[in-house]
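Notes follow the structure.
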6 protein chains.
Amino acid sequence: MSVVVQNIERADPSIIKRMGAAGVATVHEAQGRTGLMTSNMRPIQQDFGMAGSAVTISAPPGDNWMIHVAIEQLQEGDIMVLAPTAPCDMGYFGDLLATSAMARGCRALVIDAGVRDTKDLRAMGFAVWSTAVSAQGTVKETLGSVNVPIICAGALVNPGDIIVADDDGVCVVPRETAESVMEKTQARLDAEEAKRQRLASGELGLDIYDMRPRLAEKGLKYV
Amino acid sequence: MSVVVQNIERADPSIIKRMGAAGVATVHEAQGRTGLMTSNMRPIQQDFGMAGSAVTISAPPGDNWMIHVAIEQLQEGDIMVLAPTAPCDMGYFGDLLATSAMARGCRALVIDAGVRDTKDLRAMGFAVWSTAVSAQGTVKETLGSVNVPIICAGALVNPGDIIVADDDGVCVVPRETAESVMEKTQARLDAEEAKRQRLASGELGLDIYDMRPRLAEKGLKYV
Amino acid sequence: MSVVVQNIERADPSIIKRMGAAGVATVHEAQGRTGLMTSNMRPIQQDFGMAGSAVTISAPPGDNWMIHVAIEQLQEGDIMVLAPTAPCDMGYFGDLLATSAMARGCRALVIDAGVRDTKDLRAMGFAVWSTAVSAQGTVKETLGSVNVPIICAGALVNPGDIIVADDDGVCVVPRETAESVMEKTQARLDAEEAKRQRLASGELGLDIYDMRPRLAEKGLKYV
Amino acid sequence: MSVVVQNIERADPSIIKRMGAAGVATVHEAQGRTGLMTSNMRPIQQDFGMAGSAVTISAPPGDNWMIHVAIEQLQEGDIMVLAPTAPCDMGYFGDLLATSAMARGCRALVIDAGVRDTKDLRAMGFAVWSTAVSAQGTVKETLGSVNVPIICAGALVNPGDIIVADDDGVCVVPRETAESVMEKTQARLDAEEAKRQRLASGELGLDIYDMRPRLAEKGLKYV
Amino acid sequence: MSVVVQNIERADPSIIKRMGAAGVATVHEAQGRTGLMTSNMRPIQQDFGMAGSAVTISAPPGDNWMIHVAIEQLQEGDIMVLAPTAPCDMGYFGDLLATSAMARGCRALVIDAGVRDTKDLRAMGFAVWSTAVSAQGTVKETLGSVNVPIICAGALVNPGDIIVADDDGVCVVPRETAESVMEKTQARLDAEEAKRQRLASGELGLDIYDMRPRLAEKGLKYV
Amino acid sequence: MSVVVQNIERADPSIIKRMGAAGVATVHEAQGRTGLMTSNMRPIQQDFGMAGSAVTISAPPGDNWMIHVAIEQLQEGDIMVLAPTAPCDMGYFGDLLATSAMARGCRALVIDAGVRDTKDLRAMGFAVWSTAVSAQGTVKETLGSVNVPIICAGALVNPGDIIVADDDGVCVVPRETAESVMEKTQARLDAEEAKRQRLASGELGLDIYDMRPRLAEKGLKYV
């Protein structure tokens with residue numbers, strides 16, 4: 001059955017913003033190394049990171065009809081997350097759809113498929129993480145669903161989950177645990193800064209983390 | 001049999017230029033979604049598009065001899081298009097060959113294989129779309145052909161066809177239909193601009209394209 | 001058995017520096033087209049090349065413990081080269097480890113696996129060639145070895161070998177043959193400059209290399 | 001947190017058996033074309049199909065410790081389903097583990113990674129669907145979990161879900177909907193038999209499904 | 001435009017049969033090493049070869065409607081050859097369609113996409129070469145064409161071309177040149193038999209083909 | 001420089017035979033989990049294992065000339081191991097070369113490239129492990145070397161090394177350590193048999209290997 005779920009809950013915008021600033025690697029660690037999409041999910045822009053609230057799209061391969069449906073559901077700060085129901089590298093999304101999404105306050109797409117007009121998208125400031133770039137056009141014939149749970153690039157995404165994305169990839173944080181993950185993220189950020197200074201001064205991780213005894217116990221030989 | 005076809009017809013330069021400005025996605029749509037190379041054909045430069053007239057090269061895997069032969073056939077505005085006769089990721093082409101091709105007015109290569117000296121090529125303003133980057137050298141032992149029909153990254157290319165290439169990939173427009181494809185391309189460009197303004201103002205594709213009745217008829221449920 | 005070899009020999013720094021300036025394609029040709037890593041070994045930065053002395057790391061998939069061990073062995077001008085013992089795309093390395101490596105004079109990593117914090121690494125000026133980018137965290141549970149021979153992306157690397165890396169990929173030059181390879185590299189650089197000028201003036205490779213008789217003998221037909 | 005969920009619910013064995021007989025393609029259709037694993041999940045044996053109740057395993061890459069833990073949880077008719085937490089092609093499972101699993105009534109494994117001893121496994125009658133075959137050994141160092149929800153080859157699997165597997169791949173049927181899916185599966189089987197006879201007698205799908213008017217309406221031309 | 005070309009010419013059945021007996025490798029050599037599909041086009045059965053006359057199908061990704069249309073065009077001895085207009089691994093074809101095709105005298109499918117019911121297809125004696133096996137269902141929404149030129153797995157196929165397929169892959173022989181290719185094929189078969197006997201008796205290819213002088217001239221050293 | 005090394009040492013035939021009987025997984029474990037080729041090295045036959053002494057071939061991509069040279073160097077019990085100098089999936093080897101190799105007592109090929117005539121090779125009893133099957137023909141134009149060290153599918157192979165190959169893949173055992181590896185292999189075989197019987201009787205690996213305390217210490221929770 002094809003459905004559009006209209007009223008979804010979103011996480012606290014201030015937490016979303018802080019997660020975007022912390023970045024994928026740190027958030028992923030903070031939530032126990034879960035929620036990461038596969039490494040073929042790559043940005044079309046460089047040196048940029050952000051976070052947003054997921055509006056999910058389940059679409060047939062080669063059919064982008066549901067993106068039009070999803071755009072109506074977008075709110076300020078949302079990220080569209082699209083998973084095709086079978087592997088597909090076609091170009092579901094381009095500058096016209098981005099124009100429409102931006103008019104509703106959405107500034108990013110995560111898609112386990114292709115996008116096109118990538119030069120224009122970069123120029124517009126619309127961020128994309130995708131598994132392909134392709135000009136190949138899609139049809140509008142078969143229904144899918146909006147705001148249902150999807151599996152996108154190996155990660156489960158529920159509507160309203162927080163999507164953190166940067167040059168390292170894309171990580172999904174469930175809305176329900178956002179606050180506690182952000183706490184752990186902040187703890188990591190704080191601890192990392194201290195470690196960074198010690199490492200920059202020439203101290204070794206072997207000493208900072210007291211690894212030498214355990215390495216010896218496991219049998220490492222220096223020759 | 002290995003042949004070099006010396007006199008090939010080329011399309012009208014003004015049409016070629018306009019297609020380059022229109023870009024791959026629009027031209028591909030305008031000619032009925034045909035002629036696109038596979039999505040692993042990627043540019044080595046960013047935010048750049050162009051079009052040219054194809055000089056085709058069929059070469060054995062790991063053998064770039066025919067590029068030297070092809071360069072003699074180049075004219076101002078040509079793009080070399082090389083397909084190996086079996087999959088190969090070796091570096092067929094570098095800065096010396098680019099220097100030679102540029103001396104004849106050619107400023108781009110499309111190759112279903114590898115290239116090298118990519119930093120230099122970018123600095124020289126020689127554009128490349130390839131399926132690999134590799135320093136691996138090739139030999140000059142076995143003949144191929146120049147200006148015969150080839151299949152490059154899944155697309156049929158005849159010598160003199162128009163090659164449109166940008167960040168989204170590479171599309172081939174048969175020389176014979178160039179004019180009519182350009183007409184349809186222009187029509188799309190004109191229509192897109194109007195749509196872009198409506199979408200930017202917040203109108204939805206659902207309404208602009210009158211999709212709601214058909215979505216309902218297919219059974220889409222809003223919950 | 002897991003070992004750390006502490007005293008390794010390194011090549012002459014002046015030769016290493018000259019190889020970095022010559023670039024991968026030229027060095028690879030100069031040593032008889034050997035030593036190149038596979039073409040999926042790609043840089044995270046653009047338009048940058050260098051060379052260094054290899055400190056090798058053999059590590060289990062998903063386990064970056066040995067990087068901490070290796071960092072203690074680093075000297076000014078070293079490049080870390082890591083090969084997992086089975087295919088792995090996880091993020092072994094990020095900004096904290098880079099901070100530590102840079103404190104010891106190391107400015108690059110070559111890894112047949114993933115890295116993370118890529119934006120930060122670029123900002124820090126720490127160069128990386130990798131086969132993946134991924135935020136996925138690794139464990140510190142199983143030993144590997146440092147400064148033993150490894151096979152990284154299809155190339156044999158001995159500790160102290162020269163690693164030449166740029167936009168075209170990564171090439172390994174054995175320490176023992178570094179001097180003679182550099183001589184041949186220099187000879188190529190000199191010869192290339194002369195050829196470049198002739199090609200730029202419009203002379204054809206067909207004539208410079210006297211290819212026409214051999215092409216005719218092999219049976220190439222001009223039609 | 002690493003957990004072993006000991007008491008899981010399983011579906012009615014008679015339904016599981018009937019689903020195995022119906023086969024993946026029919027069950028997949030019957031549940032609305034959902035639940036299919038990706039097409040790189042392939043059997044090591046040929047012309048064999050079955051179904052079972054999932055005991056799920058989430059394991060680190062290259063670490064098969066949790067399989068030992070999972071075996072204790074197996075009951076007659078269970079299928080182990082293992083997803084590594086990052087892509088891995090190592091050989092997690094061989095004849096000794098199969099011997100142990102068979103002693104507890106389990107006769108199949110579905111794994112998004114590698115297996116080994118494949119000749120022995122076929123000889124023992126232990127069925128495997130995997131994404132790789134590899135002799136590469138794994139370690140026993142890092143915990144994972146047993147009987148938690150996992151994403152295996154793109155499909156969500158909850159412990160106790162029905163796994164249907166044959167030469168076409170692997171499909172997951174949620175335990176909660178097993179009965180209704182089986183009803184729809186049976187309806188399809190019944191309908192297919194009637195259609196098969198009509199098609200075998202030479203009647204065309206074009207006529208049986210009354211496709212001609214719709215094809216004409218869409219614009220199909222016969223020339 | 002979507003078309004069905006109804007009257008296509010076919011090659012002489014006796015030549016088709018002889019090509020099937022000769023096998024892919026020999027025919028491919030005989031026609032100058034052209035026409036071979038890429039090596040990911042694999043049979044679902046083993047130790048079986050054949051040839052047939054191509055009925056071509058161009059279909060959208062994930063849409064098998066045109067197969068129903070194509071079946072009406074089949075004659076005794078035809079092979080269906082399907083290329084999707086974008087990469088797709090879904091299961092376009094199963095036992096019901098095979099039943100229908102066999103009722104019209106067609107016994108094989110070559111498809112650059114997926115098939116399902118593979119166990120049944122083998123049992124029915126319906127041969128398949130495909131680039132995937134997948135139970136994933138397709139829709140019937142968008143038109144394609146039947147008996148137009150297609151590019152299937154890197155090879156150009158015109159309707160009525162001869163398709164030769166066995167365990168080594170699939171080769172396309174243009175109908176127009178079938179006779180001359182068969183002559184060359186026969187010449188190779190005859191020559192191969194003589195060579196086989198000499199090689200079996202222990203004579204070396206080095207001597208039979210008089211390779212030693214040329215190897216020496218190129219500089220091969222025996223040490 | 002291209003060389004043929006004529007006099008190579010081989011391991012004790014009785015050890016080679018015993019390793020073939022032990023199989024890849026056990027030998028690989030016995031030598032410390034080293035020497036395994038990548039998992040895309042697959043057999044063309046099923047349920048068959050063996051071992052032999054390596055005659056190595058380094059060949060250019062798409063050029064099988066050196067196989068003719070290598071055949072002259074073959075002795076009873078040898079296995080040819082070919083690595084192209086760049087990735088290549090073409091069909092280097094077929095039934096004629098196999099006939100010639102068998103006339104010299106060689107019964108297997110391991111090749112990081114393609115083979116053809118696979119049905120015939122199976123019928124002849126000539127075993128092949130390859131990374132592709134392809135009818136694509138190769139040329140005889142460029143020299144390579146025979147019996148030099150090569151890297152084949154990620155593993156270093158020296159001439160005279162023992163190659164163990166079966167359904168699980170291919171493992172390389174250095175000639176120098178063959179005896180000690182065989183001792184460890186035998187020890188594993190003996191130990192495995194005892195374990196197999198305990199596991200078959202229903203004892204758990206958790207108890208046999210005393211894993212429970214360490215699992216608890218690491219924090220595994222049973223719920």
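Ordering of the structure tokens sets the chain letters (A, B, ...), residue numbers begin anew at 1 in every chain, and ligands are numbered from 1 in the order given.
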
Go through chain B residue by residue and, counting only C-alpha atoms, keep those with an atom at most 7 Å from chain F; for each kept residue give the shortest atom pair and its distance in Å to one decimal, ordered by chain and increasing number, as a tab-separated table.
```
residue	atom	partner	partner_atom	distance
B:Pro61	CA	F:Gly62	CA	6.4
B:Gly62	CA	F:Pro61	CA	6.4
B:Pro87	CA	F:Cys88	CA	6.8
B:Cys88	CA	F:Cys88	CA	6.3
B:Glu141	CA	F:Glu141	CA	6.4
```

Would you put the residues from that selection into a file with N, CA and C atoms, as a compact mmCIF listing (two decimals), in the first residue's frame?
```txt
# COMPACT_ATOMS: atom_id res chain seq x y z
N PRO B 61 42.86 -3.11 -25.64
CA PRO B 61 43.13 -2.78 -24.24
C PRO B 61 44.62 -2.58 -24.01
N GLY B 62 44.98 -1.50 -23.36
CA GLY B 62 46.37 -1.25 -23.00
C GLY B 62 47.24 -0.82 -24.16
N PRO B 87 37.36 -4.32 -21.46
CA PRO B 87 37.49 -3.41 -20.32
C PRO B 87 38.94 -3.19 -19.93
N CYS B 88 39.31 -1.96 -19.65
CA CYS B 88 40.70 -1.59 -19.37
C CYS B 88 40.72 -0.29 -18.58
N GLU B 141 51.50 -1.44 -30.10
CA GLU B 141 51.82 -2.68 -30.82
C GLU B 141 50.72 -3.15 -31.75
```

### Message
Could you pull out the strand (DSSP E or B) residues of region 13-208 of chain B, going by DSSP on the backbone, and write them as number ranges by chain?
### Response
B: 36, 42-43, 50-59, 63, 78-84, 91, 108-115, 127-133, 139, 145-146, 150-152, 155-157, 162-166, 169-173

### Task
Looking only at helix (DSSP H, G or I) from DSSP on the backbone, list the matching residues of region 156-222 of chain E as a ChimeraX atom specification.
/E:175-200,205-208,212-218

Would you kindly return, as a PDB file with all heavy atoms, in the first residue's frame, each protein, DNA or RNA residue with an atom no farther than 10 Å from any atom of Met50 (chain A), considering only C-alpha atoms and excluding same-chain residues fewer than 2 positions away?
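Written output follows (result-v8.pdb):
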```
ATOM      1  N   ILE A  16      19.631  19.285  16.412  1.00  0.00           N
ATOM      2  CA  ILE A  16      19.982  18.992  15.020  1.00  0.00           C
ATOM      3  C   ILE A  16      21.158  19.855  14.584  1.00  0.00           C
ATOM      4  O   ILE A  16      22.122  19.373  13.991  1.00  0.00           O
ATOM      5  CB  ILE A  16      18.757  19.227  14.103  1.00  0.00           C
ATOM      6  CG1 ILE A  16      17.628  18.241  14.461  1.00  0.00           C
ATOM      7  CG2 ILE A  16      19.146  19.102  12.631  1.00  0.00           C
ATOM      8  CD1 ILE A  16      16.343  18.446  13.678  1.00  0.00           C
ATOM      9  N   LYS A  17      21.077  21.128  14.933  1.00  0.00           N
ATOM     10  CA  LYS A  17      22.139  22.040  14.516  1.00  0.00           C
ATOM     11  C   LYS A  17      23.482  21.667  15.144  1.00  0.00           C
ATOM     12  O   LYS A  17      24.526  21.667  14.482  1.00  0.00           O
ATOM     13  CB  LYS A  17      21.747  23.469  14.926  1.00  0.00           C
ATOM     14  CG  LYS A  17      22.624  24.537  14.301  1.00  0.00           C
ATOM     15  CD  LYS A  17      22.103  25.933  14.612  1.00  0.00           C
ATOM     16  CE  LYS A  17      23.050  26.991  14.058  1.00  0.00           C
ATOM     17  NZ  LYS A  17      22.629  28.335  14.515  1.00  0.00           N
ATOM     18  N   ARG A  18      23.442  21.313  16.430  1.00  0.00           N
ATOM     19  CA  ARG A  18      24.690  20.939  17.108  1.00  0.00           C
ATOM     20  C   ARG A  18      25.274  19.657  16.521  1.00  0.00           C
ATOM     21  O   ARG A  18      26.491  19.507  16.431  1.00  0.00           O
ATOM     22  CB  ARG A  18      24.441  20.770  18.613  1.00  0.00           C
ATOM     23  CG  ARG A  18      24.231  22.104  19.346  1.00  0.00           C
ATOM     24  CD  ARG A  18      23.819  21.875  20.789  1.00  0.00           C
ATOM     25  NE  ARG A  18      24.851  21.201  21.571  1.00  0.00           N
ATOM     26  CZ  ARG A  18      24.601  20.516  22.685  1.00  0.00           C
ATOM     27  NH1 ARG A  18      23.354  20.387  23.148  1.00  0.00           N
ATOM     28  NH2 ARG A  18      25.587  19.941  23.338  1.00  0.00           N
ATOM     29  N   MET A  19      24.410  18.725  16.138  1.00  0.00           N
ATOM     30  CA  MET A  19      24.920  17.485  15.531  1.00  0.00           C
ATOM     31  C   MET A  19      25.590  17.775  14.194  1.00  0.00           C
ATOM     32  O   MET A  19      26.614  17.179  13.859  1.00  0.00           O
ATOM     33  CB  MET A  19      23.790  16.485  15.343  1.00  0.00           C
ATOM     34  CG  MET A  19      23.438  15.777  16.631  1.00  0.00           C
ATOM     35  SD  MET A  19      22.465  14.300  16.310  1.00  0.00           S
ATOM     36  CE  MET A  19      22.241  13.740  18.013  1.00  0.00           C
ATOM     37  N   GLY A  20      25.007  18.683  13.437  1.00  0.00           N
ATOM     38  CA  GLY A  20      25.615  19.047  12.162  1.00  0.00           C
ATOM     39  C   GLY A  20      26.999  19.634  12.357  1.00  0.00           C
ATOM     40  O   GLY A  20      27.920  19.354  11.586  1.00  0.00           O
ATOM     41  N   ALA A  21      27.150  20.421  13.415  1.00  0.00           N
ATOM     42  CA  ALA A  21      28.451  21.021  13.688  1.00  0.00           C
ATOM     43  C   ALA A  21      29.460  19.983  14.174  1.00  0.00           C
ATOM     44  O   ALA A  21      30.654  20.080  13.901  1.00  0.00           O
ATOM     45  CB  ALA A  21      28.296  22.129  14.728  1.00  0.00           C
ATOM     46  N   ALA A  22      28.976  18.973  14.897  1.00  0.00           N
ATOM     47  CA  ALA A  22      29.886  17.945  15.425  1.00  0.00           C
ATOM     48  C   ALA A  22      30.423  17.050  14.321  1.00  0.00           C
ATOM     49  O   ALA A  22      31.568  16.586  14.382  1.00  0.00           O
ATOM     50  CB  ALA A  22      29.155  17.109  16.481  1.00  0.00           C
ATOM     51  N   GLY A  23      29.606  16.775  13.340  1.00  0.00           N
ATOM     52  CA  GLY A  23      30.072  15.980  12.209  1.00  0.00           C
ATOM     53  C   GLY A  23      29.793  14.498  12.342  1.00  0.00           C
ATOM     54  O   GLY A  23      29.550  13.976  13.427  1.00  0.00           O
ATOM     55  N   VAL A  24      29.846  13.807  11.201  1.00  0.00           N
ATOM     56  CA  VAL A  24      29.429  12.413  11.110  1.00  0.00           C
ATOM     57  C   VAL A  24      30.281  11.496  11.973  1.00  0.00           C
ATOM     58  O   VAL A  24      29.756  10.654  12.717  1.00  0.00           O
ATOM     59  CB  VAL A  24      29.466  11.942   9.639  1.00  0.00           C
ATOM     60  CG1 VAL A  24      29.245  10.439   9.540  1.00  0.00           C
ATOM     61  CG2 VAL A  24      28.413  12.688   8.835  1.00  0.00           C
ATOM     62  N   PHE A  48      31.821  20.432   3.330  1.00  0.00           N
ATOM     63  CA  PHE A  48      30.541  20.946   3.822  1.00  0.00           C
ATOM     64  C   PHE A  48      29.839  19.875   4.649  1.00  0.00           C
ATOM     65  O   PHE A  48      29.788  18.709   4.265  1.00  0.00           O
ATOM     66  CB  PHE A  48      29.651  21.346   2.638  1.00  0.00           C
ATOM     67  CG  PHE A  48      28.281  21.811   3.057  1.00  0.00           C
ATOM     68  CD1 PHE A  48      28.104  23.068   3.622  1.00  0.00           C
ATOM     69  CD2 PHE A  48      27.180  20.981   2.917  1.00  0.00           C
ATOM     70  CE1 PHE A  48      26.840  23.488   4.032  1.00  0.00           C
ATOM     71  CE2 PHE A  48      25.920  21.398   3.317  1.00  0.00           C
ATOM     72  CZ  PHE A  48      25.749  22.658   3.872  1.00  0.00           C
ATOM     73  N   GLY A  52      19.837  17.558   9.457  1.00  0.00           N
ATOM     74  CA  GLY A  52      18.445  17.924   9.214  1.00  0.00           C
ATOM     75  C   GLY A  52      17.531  16.822   9.677  1.00  0.00           C
ATOM     76  O   GLY A  52      17.983  15.764  10.135  1.00  0.00           O
ATOM     77  N   ILE A  79      15.561  17.288   5.528  1.00  0.00           N
ATOM     78  CA  ILE A  79      16.387  16.662   4.492  1.00  0.00           C
ATOM     79  C   ILE A  79      15.562  15.536   3.882  1.00  0.00           C
ATOM     80  O   ILE A  79      15.007  14.720   4.603  1.00  0.00           O
ATOM     81  CB  ILE A  79      17.693  16.075   5.094  1.00  0.00           C
ATOM     82  CG1 ILE A  79      18.625  17.194   5.567  1.00  0.00           C
ATOM     83  CG2 ILE A  79      18.405  15.192   4.089  1.00  0.00           C
ATOM     84  CD1 ILE A  79      19.972  16.686   6.096  1.00  0.00           C
ATOM     85  N   ARG A 107      17.107  22.009   2.279  1.00  0.00           N
ATOM     86  CA  ARG A 107      18.371  22.364   1.628  1.00  0.00           C
ATOM     87  C   ARG A 107      19.269  21.166   1.343  1.00  0.00           C
ATOM     88  O   ARG A 107      20.453  21.334   1.043  1.00  0.00           O
ATOM     89  CB  ARG A 107      19.128  23.375   2.478  1.00  0.00           C
ATOM     90  CG  ARG A 107      18.507  24.749   2.395  1.00  0.00           C
ATOM     91  CD  ARG A 107      19.334  25.856   2.945  1.00  0.00           C
ATOM     92  NE  ARG A 107      19.101  27.093   2.226  1.00  0.00           N
ATOM     93  CZ  ARG A 107      17.953  27.735   2.124  1.00  0.00           C
ATOM     94  NH1 ARG A 107      16.865  27.241   2.691  1.00  0.00           N
ATOM     95  NH2 ARG A 107      17.857  28.854   1.428  1.00  0.00           N
ATOM     96  N   ALA A 108      18.703  19.945   1.425  1.00  0.00           N
ATOM     97  CA  ALA A 108      19.574  18.788   1.164  1.00  0.00           C
ATOM     98  C   ALA A 108      18.771  17.555   0.806  1.00  0.00           C
ATOM     99  O   ALA A 108      17.597  17.413   1.179  1.00  0.00           O
ATOM    100  CB  ALA A 108      20.450  18.497   2.374  1.00  0.00           C
ATOM    101  N   ALA A 127      22.588  20.934  -0.970  1.00  0.00           N
ATOM    102  CA  ALA A 127      23.560  19.862  -0.732  1.00  0.00           C
ATOM    103  C   ALA A 127      22.983  18.504  -1.086  1.00  0.00           C
ATOM    104  O   ALA A 127      21.804  18.233  -0.851  1.00  0.00           O
ATOM    105  CB  ALA A 127      23.983  19.864   0.730  1.00  0.00           C
ATOM    106  N   ILE A 163      19.413  13.339  10.333  1.00  0.00           N
ATOM    107  CA  ILE A 163      20.407  12.956   9.336  1.00  0.00           C
ATOM    108  C   ILE A 163      21.602  13.878   9.501  1.00  0.00           C
ATOM    109  O   ILE A 163      21.457  15.103   9.390  1.00  0.00           O
ATOM    110  CB  ILE A 163      19.837  13.108   7.917  1.00  0.00           C
ATOM    111  CG1 ILE A 163      18.542  12.300   7.741  1.00  0.00           C
ATOM    112  CG2 ILE A 163      20.872  12.750   6.862  1.00  0.00           C
ATOM    113  CD1 ILE A 163      18.708  10.809   7.902  1.00  0.00           C
ATOM    114  N   VAL A 164      22.769  13.306   9.781  1.00  0.00           N
ATOM    115  CA  VAL A 164      24.002  14.083   9.870  1.00  0.00           C
ATOM    116  C   VAL A 164      24.846  13.700   8.661  1.00  0.00           C
ATOM    117  O   VAL A 164      25.035  12.512   8.386  1.00  0.00           O
ATOM    118  CB  VAL A 164      24.773  13.782  11.175  1.00  0.00           C
ATOM    119  CG1 VAL A 164      25.930  14.752  11.356  1.00  0.00           C
ATOM    120  CG2 VAL A 164      23.834  13.823  12.373  1.00  0.00           C
ATOM    121  N   ALA A 165      25.319  14.703   7.930  1.00  0.00           N
ATOM    122  CA  ALA A 165      26.013  14.405   6.679  1.00  0.00           C
ATOM    123  C   ALA A 165      27.156  15.381   6.477  1.00  0.00           C
ATOM    124  O   ALA A 165      27.004  16.588   6.706  1.00  0.00           O
ATOM    125  CB  ALA A 165      25.029  14.501   5.511  1.00  0.00           C
ATOM    126  N   ASP A 166      28.296  14.835   6.055  1.00  0.00           N
ATOM    127  CA  ASP A 166      29.423  15.702   5.689  1.00  0.00           C
ATOM    128  C   ASP A 166      30.325  14.955   4.716  1.00  0.00           C
ATOM    129  O   ASP A 166      29.880  13.997   4.067  1.00  0.00           O
ATOM    130  CB  ASP A 166      30.174  16.198   6.941  1.00  0.00           C
ATOM    131  CG  ASP A 166      30.787  15.089   7.774  1.00  0.00           C
ATOM    132  OD1 ASP A 166      30.990  13.972   7.256  1.00  0.00           O
ATOM    133  OD2 ASP A 166      31.088  15.339   8.954  1.00  0.00           O
ATOM    134  N   ASP A 167      31.578  15.383   4.608  1.00  0.00           N
ATOM    135  CA  ASP A 167      32.473  14.756   3.625  1.00  0.00           C
ATOM    136  C   ASP A 167      32.738  13.281   3.902  1.00  0.00           C
ATOM    137  O   ASP A 167      33.183  12.546   3.021  1.00  0.00           O
ATOM    138  CB  ASP A 167      33.812  15.503   3.586  1.00  0.00           C
ATOM    139  CG  ASP A 167      33.640  16.903   3.038  1.00  0.00           C
ATOM    140  OD1 ASP A 167      33.137  17.766   3.772  1.00  0.00           O
ATOM    141  OD2 ASP A 167      33.998  17.118   1.867  1.00  0.00           O
ATOM    142  N   VAL A 170      27.160   9.759   5.639  1.00  0.00           N
ATOM    143  CA  VAL A 170      25.864  10.101   6.225  1.00  0.00           C
ATOM    144  C   VAL A 170      25.554   9.159   7.380  1.00  0.00           C
ATOM    145  O   VAL A 170      25.707   7.949   7.259  1.00  0.00           O
ATOM    146  CB  VAL A 170      24.740   9.988   5.162  1.00  0.00           C
ATOM    147  CG1 VAL A 170      23.378  10.295   5.780  1.00  0.00           C
ATOM    148  CG2 VAL A 170      25.019  10.912   3.978  1.00  0.00           C
TER     149      VAL A 170
END
```

### Task
Would you mind listing what lies within 10 Å of Gly144 (chain D) as a PyMOL selection string, with only C-alpha atoms counted and same-chain residues fewer than 5 positions away left out?
(chain D and resi 1-4+57-60+63-67+69+84-85) or (chain F and resi 220)

### Task
Please indicate the distance in Å from CA of Ala194 (chain F) to CA of Tyr209 (chain F), rounded to one decimal place.
12.8 Å

### Task
Excluding Val157 (chain F) and residues on its chain fewer than 2 positions from it, collect all residues at most 9 Å away from it, counting only C-alpha atoms, and give them as a PyMOL selection string.
chain F and resi 35+54+56+81+148-152+155+159-163+172-174

### Task
Find, counting only C-alpha atoms, the residue in B:Gly205, B:Gly114, B:Gly105, B:Gly77 that gets nearest to Asn40 (chain C).
B:Gly114

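Interatomic distance, CA of Arg212 (chain A) to CA of Ala113 (chain C): 25.2 Å.
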
### Task
Name the residues in contact with Gln31 (chain C) at a cut-off of 8 Å, using only C-alpha atoms, excluding same-chain residues fewer than 3 positions from it; report them as a ChimeraX atom specification.
/C:27-28,34,173,181,184-185

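What separates CA of Val115 (chain A) from CA of Tyr92 (chain A) is a distance of 5.5 Å.
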
### Task
Just the residues within 6 Å of Val110 (chain F), please, counting only C-alpha atoms, with nothing from its chain fewer than 6 positions along; format it as a PyMOL selection string.
chain F and resi 81+128-130
